[in-house]
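Worksheet for the structure shown next.
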Amino acid sequence: MSTINKIIKGILITILIIAIISVIYLVVIHNPGEGFTEFYILDANRNTTDYPVNVSRYSIQKINIGIKNQENMEENYTVKIKKEKELIYQYNLTLKDNQNIIIPYYMDCTNILGDDQQLVLELYKGNISLPYRTLNLRFNVTNT
């Protein structure tokens, strides 16, 4: 009987060790999590505190567009910048996993006076025809 107990103990300990190693592998090592992409706007100084809100007519304002790929694979992106639903500019780029890029953009769409104008930034991922993420920058154009 003691030989059978030793065999059963050995089998149970082996199964326990295999189970612990499997859980560690699945949770810590192998689990990449759900992928996503960060998409954000920064001001000219790469902060979030001084966006161009009140701008002078015909002025050029700098903003920075940030993209960080956390999709767990290389990804192709398209950034479309629109004002009044009209495409102003488009960027196409490819980012490796965990790669971050900040693209300077110079707003030169300040020729029309008025309040509550909107710049729309759309991020497209892969070959998908609908925007993956959308950002809006509202601003006023004045004569001063």
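FYI, nothing fancy with the structure tokens labels: chains A, B, ... in order, residues from 1 per chain, ligands from 1 as they appear.
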
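The alpha helix (DSSP H) portion of stretch 17-132 of chain A consists of Ile17, Ile18, Ala19, Ile20, Ile21, Ser22, Val23 and Ile24 of chain A, with states taken from DSSP on the backbone.
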
Print the selection's residues with N, CA and C atoms to a file, as an mmCIF file, in the first residue's frame.
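This is the output file again13.cif:
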data_model
loop_
_atom_site.group_PDB
_atom_site.id
_atom_site.type_symbol
_atom_site.label_atom_id
_atom_site.label_comp_id
_atom_site.auth_asym_id
_atom_site.auth_seq_id
_atom_site.Cartn_x
_atom_site.Cartn_y
_atom_site.Cartn_z
ATOM 1 N N ILE A 17 2.710 20.893 -10.003
ATOM 2 C CA ILE A 17 3.813 21.696 -10.558
ATOM 3 C C ILE A 17 3.490 22.119 -11.992
ATOM 4 N N ILE A 18 2.953 21.200 -12.793
ATOM 5 C CA ILE A 18 2.582 21.532 -14.174
ATOM 6 C C ILE A 18 1.488 22.599 -14.193
ATOM 7 N N ALA A 19 0.515 22.479 -13.291
ATOM 8 C CA ALA A 19 -0.568 23.470 -13.226
ATOM 9 C C ALA A 19 -0.036 24.844 -12.840
ATOM 10 N N ILE A 20 0.857 24.922 -11.868
ATOM 11 C CA ILE A 20 1.426 26.208 -11.438
ATOM 12 C C ILE A 20 2.226 26.836 -12.576
ATOM 13 N N ILE A 21 3.046 26.055 -13.247
ATOM 14 C CA ILE A 21 3.843 26.574 -14.368
ATOM 15 C C ILE A 21 2.919 27.054 -15.490
ATOM 16 N N SER A 22 1.850 26.319 -15.781
ATOM 17 C CA SER A 22 0.909 26.719 -16.832
ATOM 18 C C SER A 22 0.222 28.036 -16.496
ATOM 19 N N VAL A 23 -0.213 28.201 -15.257
ATOM 20 C CA VAL A 23 -0.874 29.440 -14.845
ATOM 21 C C VAL A 23 0.098 30.616 -14.938
ATOM 22 N N ILE A 24 1.323 30.442 -14.481
ATOM 23 C CA ILE A 24 2.324 31.515 -14.563
ATOM 24 C C ILE A 24 2.566 31.893 -16.023
#

field: Exercise: stretch 92-109 of chain A partners within 7 Å, only C-alpha atoms, chain neighbours under 4 positions left out, as a ChimeraX atom specification
entry: /A:59-79

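Shortest atom-to-atom contact with A:Lys80 among A:Tyr58, A:Tyr124, A:Tyr40, A:Tyr51: A:Tyr124, counting only C-alpha atoms.
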
field: Picked from chain A by DSSP as strand (DSSP E or B), as a PyMOL selection string
entry: chain A and resi 36-42+54-56+61-70+75-83+86-95+100-107+114-125+133-142

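Contact shell of A:Leu137 at 8 Å (only C-alpha atoms; same-chain neighbours under 4 positions omitted): Gln118, Leu119 and Val120 of chain A.
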
field: Using only C-alpha atoms: which of A:Asn54, A:Thr37, A:Asn127, A:Asn111 has the shortest distance to A:Asn140
entry: A:Asn54

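Closest approach to A:Gln90 among A:Ile128, A:Ile41, A:Leu121, A:Ile112: A:Leu121, based on only C-alpha atoms.
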